[in-house]
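Structure file target01.pdb (PDB, C-alpha atoms) is printed below.
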```
MODEL        1
ATOM      1  CA  MET A   1      10.737  21.108 -10.560
ATOM      2  CA  LEU A   2       7.500  21.502 -12.545
ATOM      3  CA  ARG A   3       8.382  18.484 -14.670
ATOM      4  CA  THR A   4       8.931  16.369 -11.543
ATOM      5  CA  LEU A   5       5.616  17.528 -10.060
ATOM      6  CA  TRP A   6       3.777  16.797 -13.322
ATOM      7  CA  GLU A   7       5.380  13.351 -13.427
ATOM      8  CA  LEU A   8       4.312  12.673  -9.821
ATOM      9  CA  PHE A   9       0.757  13.789 -10.545
ATOM     10  CA  SER A  10       0.418  11.852 -13.805
ATOM     11  CA  VAL A  11       1.894   8.606 -12.463
ATOM     12  CA  PHE A  12      -0.314   8.599  -9.382
ATOM     13  CA  PHE A  13      -3.331   9.696 -11.419
ATOM     14  CA  LYS A  14      -2.792   6.669 -13.667
ATOM     15  CA  VAL A  15      -2.367   4.360 -10.672
ATOM     16  CA  GLY A  16      -5.460   5.826  -8.983
ATOM     17  CA  LEU A  17      -7.458   5.448 -12.186
ATOM     18  CA  CYS A  18      -6.807   1.750 -12.697
ATOM     19  CA  THR A  19      -6.636   0.310  -9.191
ATOM     20  CA  PHE A  20      -9.546  -1.633  -7.837
ATOM     21  CA  GLY A  21      -9.334  -3.321  -4.476
ATOM     22  CA  GLY A  22      -7.119  -0.720  -2.819
ATOM     23  CA  GLY A  23      -4.519  -1.460  -0.196
ATOM     24  CA  ILE A  24      -2.420  -4.545  -0.759
ATOM     25  CA  ALA A  25      -4.033  -5.122  -4.179
ATOM     26  CA  MET A  26      -2.202  -1.998  -5.369
ATOM     27  CA  LEU A  27       1.227  -3.272  -4.328
ATOM     28  CA  PRO A  28       2.053  -5.028  -7.630
ATOM     29  CA  ILE A  29       0.966  -1.986  -9.655
ATOM     30  CA  LEU A  30       2.951   0.399  -7.466
ATOM     31  CA  GLU A  31       6.007  -1.890  -7.595
ATOM     32  CA  LYS A  32       5.897  -1.894 -11.381
ATOM     33  CA  GLU A  33       5.217   1.842 -11.803
ATOM     34  CA  LEU A  34       7.427   3.236  -9.045
ATOM     35  CA  GLY A  35      10.164   0.631  -8.777
ATOM     36  CA  GLU A  36      10.648  -1.140 -12.086
ATOM     37  CA  LYS A  37       9.689   1.597 -14.561
ATOM     38  CA  ARG A  38      10.956   4.706 -12.772
ATOM     39  CA  GLY A  39      13.332   3.580 -10.035
ATOM     40  CA  TRP A  40      11.783   6.023  -7.575
ATOM     41  CA  VAL A  41      11.704   3.490  -4.732
ATOM     42  CA  THR A  42      13.229   0.150  -3.953
ATOM     43  CA  SER A  43      11.088  -2.858  -3.188
ATOM     44  CA  ASP A  44      12.080  -2.652   0.487
ATOM     45  CA  GLU A  45      11.203   1.045   0.671
ATOM     46  CA  LEU A  46       7.807   0.343  -0.857
ATOM     47  CA  LEU A  47       7.162  -2.428   1.676
ATOM     48  CA  ASP A  48       8.124  -0.020   4.470
ATOM     49  CA  TYR A  49       5.768   2.620   3.055
ATOM     50  CA  PHE A  50       2.977   0.040   2.919
ATOM     51  CA  ALA A  51       3.630  -1.043   6.498
ATOM     52  CA  ILE A  52       3.592   2.542   7.738
ATOM     53  CA  GLY A  53       0.645   3.424   5.495
ATOM     54  CA  GLN A  54      -1.355   0.525   6.865
ATOM     55  CA  SER A  55      -0.524   1.456  10.445
ATOM     56  CA  THR A  56      -1.519   5.105  10.115
ATOM     57  CA  PRO A  57      -4.937   6.674   9.524
ATOM     58  CA  GLY A  58      -6.086   6.941   5.952
ATOM     59  CA  ILE A  59      -6.036   4.895   2.799
ATOM     60  CA  ILE A  60      -2.851   2.876   2.305
ATOM     61  CA  ALA A  61      -2.360   3.865  -1.341
ATOM     62  CA  VAL A  62      -2.838   7.548  -0.568
ATOM     63  CA  ASN A  63      -0.349   7.320   2.293
ATOM     64  CA  VAL A  64       2.170   5.600  -0.005
ATOM     65  CA  ALA A  65       1.644   8.307  -2.643
ATOM     66  CA  THR A  66       2.308  10.922   0.028
ATOM     67  CA  PHE A  67       5.543   9.213   1.143
ATOM     68  CA  VAL A  68       6.840   8.793  -2.405
ATOM     69  CA  GLY A  69       5.898  12.360  -3.316
ATOM     70  CA  TYR A  70       7.688  13.649  -0.232
ATOM     71  CA  LYS A  71      10.772  11.618  -1.059
ATOM     72  CA  ARG A  72      10.854  12.998  -4.621
ATOM     73  CA  SER A  73       9.958  16.681  -4.025
ATOM     74  CA  GLY A  74       9.349  17.414  -0.373
ATOM     75  CA  LEU A  75       6.051  18.759   0.948
ATOM     76  CA  ILE A  76       4.796  20.047  -2.405
ATOM     77  CA  GLY A  77       5.588  16.676  -3.992
ATOM     78  CA  ALA A  78       3.652  14.906  -1.232
ATOM     79  CA  CYS A  79       0.616  17.111  -1.889
ATOM     80  CA  VAL A  80       0.794  16.708  -5.676
ATOM     81  CA  ALA A  81       1.222  12.905  -5.524
ATOM     82  CA  THR A  82      -1.628  12.601  -3.023
ATOM     83  CA  PHE A  83      -3.920  14.716  -5.189
ATOM     84  CA  GLY A  84      -2.966  12.680  -8.243
ATOM     85  CA  MET A  85      -3.918   9.480  -6.419
ATOM     86  CA  VAL A  86      -7.340  10.683  -5.210
ATOM     87  CA  PHE A  87      -8.382  12.781  -8.212
ATOM     88  CA  PRO A  88      -9.611   9.840 -10.367
ATOM     89  CA  SER A  89     -11.832   8.653  -7.517
ATOM     90  CA  ILE A  90     -13.268  12.143  -7.099
ATOM     91  CA  ILE A  91     -14.104  12.252 -10.820
ATOM     92  CA  VAL A  92     -15.673   8.774 -10.930
ATOM     93  CA  ILE A  93     -17.717   9.198  -7.740
ATOM     94  CA  THR A  94     -18.946  12.622  -8.869
ATOM     95  CA  LEU A  95     -20.052  11.259 -12.247
ATOM     96  CA  ILE A  96     -21.813   8.307 -10.675
ATOM     97  CA  ALA A  97     -23.581  10.533  -8.158
ATOM     98  CA  LYS A  98     -24.558  13.063 -10.814
ATOM     99  CA  PHE A  99     -25.769  10.905 -13.662
ATOM    100  CA  ILE A 100     -26.724   7.478 -12.449
ATOM    101  CA  SER A 101     -29.294   6.718  -9.790
ATOM    102  CA  ASN A 102     -29.348   3.154  -8.481
ATOM    103  CA  PHE A 103     -25.958   2.533 -10.089
ATOM    104  CA  SER A 104     -25.451  -0.805  -8.371
ATOM    105  CA  GLU A 105     -28.805  -2.103  -9.642
ATOM    106  CA  ILE A 106     -27.863  -1.867 -13.331
ATOM    107  CA  GLU A 107     -27.327  -5.381 -14.686
ATOM    108  CA  TRP A 108     -24.135  -4.722 -16.648
ATOM    109  CA  VAL A 109     -22.660  -2.921 -13.629
ATOM    110  CA  LYS A 110     -23.380  -5.972 -11.440
ATOM    111  CA  LYS A 111     -21.610  -8.219 -13.957
ATOM    112  CA  ALA A 112     -18.674  -5.842 -14.293
ATOM    113  CA  LEU A 113     -18.259  -5.655 -10.514
ATOM    114  CA  THR A 114     -18.374  -9.456 -10.278
ATOM    115  CA  GLY A 115     -15.554  -9.679 -12.803
ATOM    116  CA  ILE A 116     -13.602  -6.979 -10.997
ATOM    117  CA  ASN A 117     -14.016  -8.853  -7.693
ATOM    118  CA  VAL A 118     -12.465 -11.981  -9.221
ATOM    119  CA  ALA A 119      -9.559  -9.984 -10.641
ATOM    120  CA  VAL A 120      -9.019  -8.220  -7.295
ATOM    121  CA  ALA A 121      -8.968 -11.581  -5.500
ATOM    122  CA  ALA A 122      -6.218 -12.783  -7.849
ATOM    123  CA  ILE A 123      -4.242  -9.560  -7.423
ATOM    124  CA  LEU A 124      -4.601  -9.760  -3.630
ATOM    125  CA  THR A 125      -3.395 -13.360  -3.595
ATOM    126  CA  TYR A 126      -0.373 -12.427  -5.694
ATOM    127  CA  ALA A 127       0.368  -9.391  -3.516
ATOM    128  CA  VAL A 128       0.111 -11.311  -0.238
ATOM    129  CA  ILE A 129       2.454 -14.059  -1.476
ATOM    130  CA  ASN A 130       4.905 -11.507  -2.870
ATOM    131  CA  PHE A 131       4.694  -9.340   0.282
ATOM    132  CA  SER A 132       5.290 -12.394   2.491
ATOM    133  CA  LYS A 133       8.359 -13.469   0.512
ATOM    134  CA  LYS A 134       9.927 -10.052   0.944
ATOM    135  CA  SER A 135       8.855  -9.451   4.551
ATOM    136  CA  VAL A 136       9.506 -12.804   6.206
ATOM    137  CA  LYS A 137      13.293 -13.026   6.224
ATOM    138  CA  ASN A 138      13.986 -15.482   9.034
ATOM    139  CA  ILE A 139      12.388 -17.987  11.419
ATOM    140  CA  PHE A 140      11.357 -15.236  13.838
ATOM    141  CA  GLY A 141       9.427 -13.495  11.054
ATOM    142  CA  PHE A 142       7.764 -16.747  10.029
ATOM    143  CA  ILE A 143       6.696 -17.514  13.618
ATOM    144  CA  LEU A 144       5.374 -13.963  13.998
ATOM    145  CA  LEU A 145       3.425 -14.389  10.743
ATOM    146  CA  LEU A 146       1.832 -17.620  11.999
ATOM    147  CA  ILE A 147       0.960 -16.114  15.383
ATOM    148  CA  ALA A 148      -0.574 -13.035  13.730
ATOM    149  CA  PHE A 149      -2.588 -15.235  11.349
ATOM    150  CA  VAL A 150      -3.948 -17.370  14.200
ATOM    151  CA  LEU A 151      -4.769 -14.332  16.347
ATOM    152  CA  ILE A 152      -6.651 -12.597  13.529
ATOM    153  CA  PHE A 153      -8.413 -15.492  11.808
ATOM    154  CA  VAL A 154      -8.963 -17.963  14.652
ATOM    155  CA  PHE A 155      -9.357 -15.742  17.697
ATOM    156  CA  HIS A 156     -10.696 -12.663  15.836
ATOM    157  CA  VAL A 157      -8.253 -10.271  17.508
ATOM    158  CA  GLY A 158      -8.375  -6.817  15.927
ATOM    159  CA  THR A 159      -5.590  -6.198  13.436
ATOM    160  CA  VAL A 160      -4.649  -2.942  15.116
ATOM    161  CA  TYR A 161      -3.795  -4.887  18.301
ATOM    162  CA  VAL A 162      -1.742  -7.395  16.329
ATOM    163  CA  ILE A 163       0.162  -4.592  14.570
ATOM    164  CA  PHE A 164       0.888  -2.737  17.811
ATOM    165  CA  GLY A 165       1.788  -5.977  19.585
ATOM    166  CA  SER A 166       4.192  -6.924  16.786
ATOM    167  CA  ALA A 167       5.778  -3.484  16.865
ATOM    168  CA  ILE A 168       6.257  -3.639  20.634
ATOM    169  CA  LEU A 169       7.688  -7.155  20.396
ATOM    170  CA  GLY A 170      10.099  -6.038  17.671
ATOM    171  CA  VAL A 171      11.285  -3.074  19.735
ATOM    172  CA  ILE A 172      11.791  -5.296  22.785
ATOM    173  CA  ILE A 173      13.804  -7.855  20.801
ATOM    174  CA  VAL A 174      15.988  -5.189  19.188
ATOM    175  CA  ALA A 175      16.518  -3.571  22.611
ATOM    176  CA  LEU A 176      17.515  -6.906  24.142
ATOM    177  CA  LYS A 177      19.988  -7.479  21.314
ATOM    178  CA  GLY A 178      21.350  -3.952  21.762
ATOM    179  CA  ASP A 179      20.909  -3.211  18.046
ATOM    180  CA  PHE A 180      19.393   0.280  18.356
ATOM    181  CA  LYS A 181      22.690   1.904  17.447
ATOM    182  CA  THR A 182      22.902   1.601  13.679
ATOM    183  CA  THR A 183      25.294   3.089  11.174
ATOM    184  CA  ASN A 184      25.120   3.831   7.468
ATOM    185  CA  ASN A 185      21.307   4.089   7.548
ATOM    186  CA  THR A 186      20.866   0.367   8.191
ATOM    187  CA  ASP A 187      17.345  -0.799   8.813
ATOM    188  CA  VAL A 188      16.695  -1.741  12.443
ATOM    189  CA  GLY A 189      13.673  -3.808  11.357
ATOM    190  CA  ALA A 190      15.833  -5.910   9.035
ATOM    191  CA  LYS A 191      17.905  -7.048  12.033
ATOM    192  CA  LEU A 192      14.900  -8.905  13.407
TER     193      LEU A 192
ENDMDL
END
```

In structure tokens, write the structure found in this file.
Amino acid sequence: MLRTLWELFSVFFKVGLCTFGGGIAMLPILEKELGEKRGWVTSDELLDYFAIGQSTPGIIAVNVATFVGYKRSGLIGACVATFGMVFPSIIVITLIAKFISNFSEIEWVKKALTGINVAVAAILTYAVINFSKKSVKNIFGFILLLIAFVLIFVFHVGTVYVIFGSAILGVIIVALKGDFKTTNNTDVGAKL
């Protein structure tokens, strides 16, 4: 048990230490660390965790750490994984606050942040394309993606409304199909 908890803490500490951009930008790193290297989650599970994490209060990556920790070791695992994810940020922010005044005005920091912004943009682009390939499984999903894009970027509808609207639409469609009764832990969302 202690070994599992240490592994949860150390993996999420490492992820928390080297992830700039948060949210979707962390998806490729989490896929590699949690899925490919350790086999803790499948790609579909991770996408589900991201979807839930984005729809609930809090930081997506922290929510995902909590879900994975809970899956591995219950409530204590959730707490340990969450702490591992946030601990690097606590350290860095404390050091910056303690030792450096006007941190963002230092020339080398400005240049470093510019470089980080470019890298984060590339990671985000990769993550969005990868996320779309795995999430959009049929014509209905593609149409929903286009409608959501237009609502958010053209009509400036709040993302929370688009998420709730999509969830309601999905529930209605599944109810109309009569697919709520599932067996063998099949994913109701995959039937859309």

Open item on the list: Ranking A:Gln54, A:Phe12, A:Ile76, A:Ala61 by minimum distance to Leu34 of chain A and counting all atoms listed in the file, which one comes first?
Closed with: A:Phe12

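Nearest residue to Thr19 of chain A, choosing from A:Leu113, A:Leu2, A:Met85, A:Ile90 and counting all atoms listed in the file: A:Met85.
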
Open item on the list: Suppose a student applies the PyMOL selection byres ((chain A and resi 128-145) around 9) to this structure; what residues should they get, written as an NGL selection string?
Closed with: :A and (24-25 or 27-28 or 43-44 or 47 or 123-127 or 146-150 or 166 or 190 or 192)

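Among the candidate residues A:Gly158, A:Gly16, A:Pro88, A:Pro57, the one lying nearest to Glu33 of chain A is A:Gly16, with distances computed using all atoms listed in the file.
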
Open item on the list: Starting from the PyMOL selection byres ((chain A and resi 73) around 12), expand the selection into actual residues of this file and give them as a PyMOL selection string.
Closed with: chain A and resi 1-9+40+65-72+74-81

Dump of C-alpha atoms for the selected residues, as a compact mmCIF listing (two decimals), keeping the file's coordinate frame:
```
# COMPACT_ATOMS: atom_id res chain seq x y z
CA MET A 1 10.74 21.11 -10.56
CA LEU A 2 7.50 21.50 -12.54
CA ARG A 3 8.38 18.48 -14.67
CA THR A 4 8.93 16.37 -11.54
CA LEU A 5 5.62 17.53 -10.06
CA TRP A 6 3.78 16.80 -13.32
CA GLU A 7 5.38 13.35 -13.43
CA LEU A 8 4.31 12.67 -9.82
CA PHE A 9 0.76 13.79 -10.54
CA TRP A 40 11.78 6.02 -7.58
CA ALA A 65 1.64 8.31 -2.64
CA THR A 66 2.31 10.92 0.03
CA PHE A 67 5.54 9.21 1.14
CA VAL A 68 6.84 8.79 -2.40
CA GLY A 69 5.90 12.36 -3.32
CA TYR A 70 7.69 13.65 -0.23
CA LYS A 71 10.77 11.62 -1.06
CA ARG A 72 10.85 13.00 -4.62
CA GLY A 74 9.35 17.41 -0.37
CA LEU A 75 6.05 18.76 0.95
CA ILE A 76 4.80 20.05 -2.40
CA GLY A 77 5.59 16.68 -3.99
CA ALA A 78 3.65 14.91 -1.23
CA CYS A 79 0.62 17.11 -1.89
CA VAL A 80 0.79 16.71 -5.68
CA ALA A 81 1.22 12.90 -5.52
```

Determine the residue set returned by the PyMOL selection byres ((chain A and resi 52) around 12) for the present structure, and present it as a short mmCIF file (atom, residue, chain, number, x, y, z; two decimals) with C-alpha atoms, keeping the file's coordinate frame.
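Here's the written file expr_0.cif:
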```cif
data_model
loop_
_atom_site.label_atom_id
_atom_site.label_comp_id
_atom_site.auth_asym_id
_atom_site.auth_seq_id
_atom_site.Cartn_x
_atom_site.Cartn_y
_atom_site.Cartn_z
CA GLU A 45 11.20 1.04 0.67
CA LEU A 46 7.81 0.34 -0.86
CA LEU A 47 7.16 -2.43 1.68
CA ASP A 48 8.12 -0.02 4.47
CA TYR A 49 5.77 2.62 3.06
CA PHE A 50 2.98 0.04 2.92
CA ALA A 51 3.63 -1.04 6.50
CA GLY A 53 0.64 3.42 5.50
CA GLN A 54 -1.36 0.52 6.86
CA SER A 55 -0.52 1.46 10.44
CA THR A 56 -1.52 5.11 10.12
CA PRO A 57 -4.94 6.67 9.52
CA GLY A 58 -6.09 6.94 5.95
CA ILE A 59 -6.04 4.89 2.80
CA ILE A 60 -2.85 2.88 2.31
CA ALA A 61 -2.36 3.86 -1.34
CA VAL A 62 -2.84 7.55 -0.57
CA ASN A 63 -0.35 7.32 2.29
CA VAL A 64 2.17 5.60 0.00
CA THR A 66 2.31 10.92 0.03
CA PHE A 67 5.54 9.21 1.14
CA ILE A 163 0.16 -4.59 14.57
CA PHE A 164 0.89 -2.74 17.81
CA ALA A 167 5.78 -3.48 16.86
#
```

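Interatomic distance, atom CA of Lys37 of chain A to atom CA of Lys14 of chain A: 13.5 Å.
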
TODO: Measuring atom to atom with all atoms listed in the file, identify which of A:Val109, A:Ile173, A:Val160, A:Val120 is nearest to Ile96 of chain A.
DONE: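 Using all atoms listed in the file, Ile96 of chain A sits closest to A:Val109.
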
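For the pair atom CA of Gly84 of chain A and atom CA of Val118 of chain A, the separation is 26.4 Å.
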
TODO: Give me, please, the distance in Å between atom CA of Ile29 of chain A and atom CA of Val15 of chain A, quoted to one decimal.
DONE: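 Value for the atom CA of Ile29 of chain A-atom CA of Val15 of chain A distance: 7.2 Å.
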
Enclose all atoms of segment 30-38 of chain A listed in the file in an axis-aligned box, grow every side by 5 Å, and hand back centre and edge lengths in Å to one decimal, as lines of an AutoDock Vina configuration file.
```
center_x = 7.0
center_y = 1.4
center_z = -11.0
size_x = 18.0
size_y = 16.6
size_z = 17.1
```
